[in-house]
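Trainee: File coords-v4.tsv follows (TSV, C-alpha atoms and all ligand atoms):
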chain	number	residue	atom	x	y	z
K	125	MET	CA	184.22	72.82	96.89
K	126	LYS	CA	181.15	74.28	98.60
K	127	CYS	CA	178.71	72.35	100.79
K	128	PRO	CA	175.69	71.30	98.65
K	129	THR	CA	173.31	72.28	101.46
K	130	CYS	CA	174.67	75.43	103.10
K	131	SER	CA	177.08	76.62	100.35
K	132	LYS	CA	179.95	77.20	102.79
K	133	THR	CA	183.51	76.44	101.69
K	134	ASN	CA	185.25	73.80	103.77
K	135	GLN	CA	188.50	71.96	104.36
K	136	LYS	CA	189.46	68.75	102.62
K	137	VAL	CA	189.53	65.44	104.49
K	138	SER	CA	191.19	62.29	103.20
K	139	ASN	CA	189.10	59.36	102.02
K	140	LYS	CA	190.78	57.19	104.66
K	141	THR	CA	189.53	59.42	107.50
K	142	VAL	CA	185.96	59.45	106.13
K	143	ARG	CA	186.06	55.65	105.77
K	144	HIS	CA	186.76	55.32	109.51
K	145	MET	CA	183.99	57.73	110.49
K	146	LEU	CA	181.13	56.22	108.47
K	147	LYS	CA	178.72	53.61	109.75
K	148	ALA	CA	179.25	50.21	108.13
K	149	LYS	CA	176.02	50.37	106.07
K	150	CYS	CA	177.13	53.67	104.45
K	151	LYS	CA	180.58	52.52	103.41
K	152	SER	CA	179.54	51.04	100.07
K	153	LYS	CA	178.82	54.56	98.73
K	154	ILE	CA	182.16	56.08	99.69
K	155	GLY	CA	184.14	55.73	96.43
K	156	GLU	CA	187.83	56.56	96.11
K	157	LYS	CA	187.87	60.37	96.20
K	158	ASP	CA	188.71	62.62	99.13
K	159	TYR	CA	185.94	64.55	100.87
K	160	TYR	CA	185.16	67.92	102.39
K	161	LEU	CA	183.90	68.33	105.95
K	162	CYS	CA	181.11	70.86	106.47
K	163	MET	CA	182.10	72.95	109.50
K	164	ASN	CA	178.80	74.83	109.72
K	165	PRO	CA	177.23	74.05	113.16
K	166	ASP	CA	173.71	74.44	111.76
K	167	CYS	CA	174.15	72.26	108.67
K	168	GLU	CA	173.13	68.58	108.63
K	169	VAL	CA	175.85	67.66	106.12
K	170	ALA	CA	179.02	66.04	107.40
K	171	TYR	CA	181.14	64.89	104.41
K	172	TYR	CA	180.64	65.59	100.73
K	173	ASN	CA	182.39	65.51	97.38
K	174	SER	CA	181.28	65.60	93.75
K	175	GLU	CA	179.95	62.02	93.97
K	176	SER	CA	178.45	61.56	97.43
K	177	VAL	CA	177.00	63.44	100.39
K	178	PHE	CA	176.88	61.98	103.90
K	179	ASP	CA	174.93	63.79	106.57
K	180	LYS	CA	175.87	63.54	110.23
K	181	SER	CA	173.51	60.59	110.84
K	182	ALA	CA	175.82	58.47	108.62
K	183	LEU	CA	178.67	58.84	111.11
K	184	LYS	CA	179.66	56.59	113.98
K	185	LYS	CA	180.73	59.55	116.12
K	186	SER	CA	179.19	62.97	116.60
K	187	LEU	CA	180.90	66.06	115.19
K	188	TRP	CA	181.75	68.19	118.22
K	189	TYR	CA	180.94	71.56	116.61
K	190	LYS	CA	177.49	70.64	115.26
K	191	LYS	CA	174.63	72.31	117.11
K	192	ASP	CA	173.18	69.23	118.84
K	193	ALA	CA	176.39	67.19	119.15
K	194	ASN	CA	176.28	64.63	121.92
K	195	PRO	CA	178.82	63.97	123.22
K	196	LYS	CA	180.96	66.95	122.28
K	197	TYR	CA	184.40	65.41	121.96
K	198	ALA	CA	187.48	67.50	122.62
K	199	CYS	CA	189.81	64.61	121.83
K	200	TYR	CA	188.61	61.70	119.69
K	201	CYS	CA	191.66	59.49	120.27
K	202	ARG	CA	191.05	59.52	124.02
K	203	LYS	CA	187.27	60.05	123.90
K	204	ILE	CA	187.56	63.10	126.15
K	205	THR	CA	184.45	65.30	126.14
K	206	GLN	CA	184.19	69.05	126.53
K	207	GLU	CA	182.43	68.45	129.87
K	208	GLU	CA	185.43	66.52	131.15
K	209	VAL	CA	187.83	69.25	130.02
K	210	THR	CA	185.76	71.90	131.80
K	211	LYS	CA	185.47	69.80	134.95
K	212	THR	CA	189.22	69.11	135.03
K	213	VAL	CA	190.14	72.77	134.54
K	214	LEU	CA	187.72	73.82	137.28
K	215	GLU	CA	188.70	71.12	139.79
K	216	THR	CA	192.46	70.81	139.25
K	217	GLY	CA	195.07	73.45	138.56
K	218	LEU	CA	195.74	72.03	135.10
K	219	THR	CA	195.60	74.46	132.20
K	220	GLU	CA	197.40	72.65	129.37
K	221	ALA	CA	196.15	70.02	126.95
K	222	GLY	CA	198.93	67.45	127.52
K	223	PRO	CA	198.63	67.25	131.33
K	224	ILE	CA	194.81	67.30	131.16
K	225	MET	CA	194.80	64.35	128.72
K	226	LEU	CA	197.24	62.47	130.94
K	227	HIS	CA	195.16	63.22	134.03
K	228	LEU	CA	191.95	61.93	132.42
K	229	ARG	CA	193.11	58.95	130.38
K	230	GLY	CA	196.74	58.16	131.18
K	231	ASN	CA	199.13	57.44	128.38
K	232	VAL	CA	197.13	56.84	125.19
K	233	LYS	CA	198.68	56.62	121.76
K	234	SER	CA	196.84	58.97	119.43
K	235	ASN	CA	195.92	58.31	115.82
K	236	CYS	CA	194.22	61.49	114.68
K	237	LYS	CA	194.27	60.46	111.02
K	238	ILE	CA	191.56	57.87	111.64
K	239	ASN	CA	190.01	58.98	114.95
K	240	ASN	CA	189.43	62.69	114.46
K	241	PRO	CA	186.71	63.62	111.92
K	242	THR	CA	189.04	66.25	110.43
K	243	GLY	CA	191.94	63.80	110.18
K	244	HIS	CA	194.04	66.27	112.15
K	245	CYS	CA	195.15	66.58	115.76
K	246	CYS	CA	192.56	67.95	118.18
K	247	HIS	CA	195.03	70.34	119.80
K	248	SER	CA	193.55	73.67	118.71
K	249	VAL	CA	189.99	72.57	119.54
K	250	PHE	CA	191.17	71.21	122.89
K	251	ASN	CA	192.89	74.50	123.68
K	252	GLU	CA	189.76	76.48	122.80
K	253	MET	CA	187.78	74.36	125.25
K	254	ILE	CA	190.44	74.94	127.93
K	255	ALA	CA	190.24	78.69	127.28
K	256	LYS	CA	186.45	78.60	127.68
K	257	ALA	CA	186.77	76.66	130.93
K	258	LEU	CA	189.37	79.13	132.25
K	259	ALA	CA	187.01	82.00	131.43
K	260	THR	CA	184.26	80.21	133.39
K	261	LYS	CA	186.66	79.68	136.29
K	262	ALA	CA	187.62	83.38	136.30
K	263	ALA	CA	183.96	84.42	136.20
K	264	ASN	CA	183.16	82.09	139.11
K	265	ALA	CA	186.06	83.47	141.16
K	266	GLU	CA	184.91	87.01	140.52
K	267	ARG	CA	181.36	86.20	141.55
K	268	LYS	CA	182.63	84.65	144.80
K	269	SER	CA	184.79	87.64	145.65
K	270	LYS	CA	181.84	90.02	145.45
K	301	ZN	ZN	176.90	72.51	105.06
Would you mind writing the file's structure down as structure tokens?
Mentor:
Amino acid sequence: MKCPTCSKTNQKVSNKTVRHMLKAKCKSKIGEKDYYLCMNPDCEVAYYNSESVFDKSALKKSLWYKKDANPKYACYCRKITQEEVTKTVLETGLTEAGPIMLHLRGNVKSNCKINNPTGHCCHSVFNEMIAKALATKAANAERKSK
């Protein structure tokens, strides 16, 4: 199903996940159906289905990929932000998601089904943020060597 605002096609998210993301006052409109999550950074819509549309202001947490997201979470279970990932990669030798999470938050049990807005593990997003930080680190090193 396409987003009612931007017409992009998006991935399905379970009703249970949406229920955990919505502010209390919005929960009465949720219904029983599953939702779709609009992944367009420029679109105000967060979740939608054939019955309801919730824009990002209806959520308790910001969606990391939306244009003005603050904070930009890499990992929702551990509340690790992109800034922290970048800082850790630049200041320590760590380059993998597992050790970086452990370094920042210790041993935390994850529950992506209810913590992450997609209902899935943050691993691929986390790795993208690591890759960006490594590119920054490489660029910095090159600048210094000149
Ligand atoms: Zn949209």
Trainee: Around ligand ZN 301 (chain K), out to 9 Å and counting only C-alpha atoms and all ligand atoms, which residues are there? I want them as a list in words.
Mentor: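 What falls inside 9 Å of ligand ZN 301 (chain K) is Lys126, Cys127, Pro128, Thr129, Cys130, Ser131, Lys132, Thr133, Asn134, Leu161, Cys162, Met163, Asn164, Pro165, Asp166, Cys167, Glu168, Val169, Ala170, Tyr171 and Tyr172 of chain K.
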Trainee: To one decimal place, how far is CA of Gln206 (chain K) from CA of Ala265 (chain K) in Å?
Mentor: 20.6 Å
Trainee: For each of K:Leu258, K:Val209, K:Ala198, K:Val142, take the minimum atom-to-atom distance to Ser176 (chain K), counting all atoms listed in the file, then give the residue where this is smallest.
Mentor: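 Using all atoms listed in the file, Ser176 (chain K) sits closest to K:Val142.
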Trainee: Which residue out of K:Leu214, K:Ile238, K:Leu226, K:Ala182 has the minimum interatomic distance to Cys150 (chain K) when all atoms listed in the file are used?
Mentor: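 Using all atoms listed in the file, Cys150 (chain K) sits closest to K:Ala182.
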Trainee: Using only C-alpha atoms, which of K:Leu183, K:Gly217, K:Trp188, K:Ser269 sits nearest Ala257 (chain K)?
Mentor: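 Closest candidate: K:Gly217.
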Trainee: To one decimal place in Å, what is the distance between CA of Pro223 (chain K) and CA of Tyr197 (chain K)?
Mentor: 17.1 Å
Trainee: Give me the residues near Thr219 (chain K) as a list in words, where near means some atom within 12 Å (using all atoms listed in the file) and where sequence neighbours in that chain fewer than 2 positions away do not count.
Mentor: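 These residues fall inside the cut-off: Val209, Thr210, Lys211, Thr212, Val213, Leu214, Glu215, Thr216, Gly217, Ala221, Gly222, Pro223, Ile224, Met225, His227, Phe250, Asn251, Glu252, Met253, Ile254, Ala255, Lys256, Ala257, Leu258, Ala259 and Lys261 of chain K.
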Trainee: Report, in Å with one decimal, the straight-line distance from CA of Lys237 (chain K) to CA of Leu218 (chain K).
Mentor: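 So the answer is 26.8 Å.
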Trainee: Box along x, y and z, 5 Å on every side, all listed atoms of region 132-140 of chain K inside: centre and edge lengths in Å to one decimal, as AutoDock Vina command-line options.
Mentor:
--center_x 185.6 --center_y 67.2 --center_z 103.2 --size_x 21.2 --size_y 30.0 --size_z 13.0
Trainee: What lies within 9 Å of Asn139 (chain K) using all atoms listed in the file, ignoring chain neighbours under 6 positions off, as a ChimeraX atom specification?
Mentor: /K:154-159
Trainee: For a quick check of understanding, using all atoms listed in the file, which of K:Ser248, K:Thr205, K:Ser138, K:Asn240 has the smallest distance to Leu228 (chain K)?
Mentor: K:Thr205
Trainee: Pick the closest to Lys180 (chain K) from K:Pro241, K:Cys246, K:Gln135, K:Tyr200: which is it, counting all atoms listed in the file?
Mentor: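 Smallest separation from Lys180 (chain K) among the options: K:Pro241.
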Trainee: Using only C-alpha atoms, which protein or nucleic acid residues come within 7 Å of region 231-235 of chain K? Drop anything in the same chain fewer than 4 positions from it, and give the result as a list in words.
Mentor: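 My reading of the contact set: Cys201, Arg202, Leu226 and Asn239 of chain K.
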Trainee: Given the point (177.2, 67.9, 126.4) in the coordinates of this file, which residues lie within 6 Å, counting all atoms listed in the file, and how would they look as a ChimeraX atom specification?
Mentor: /K:194-196
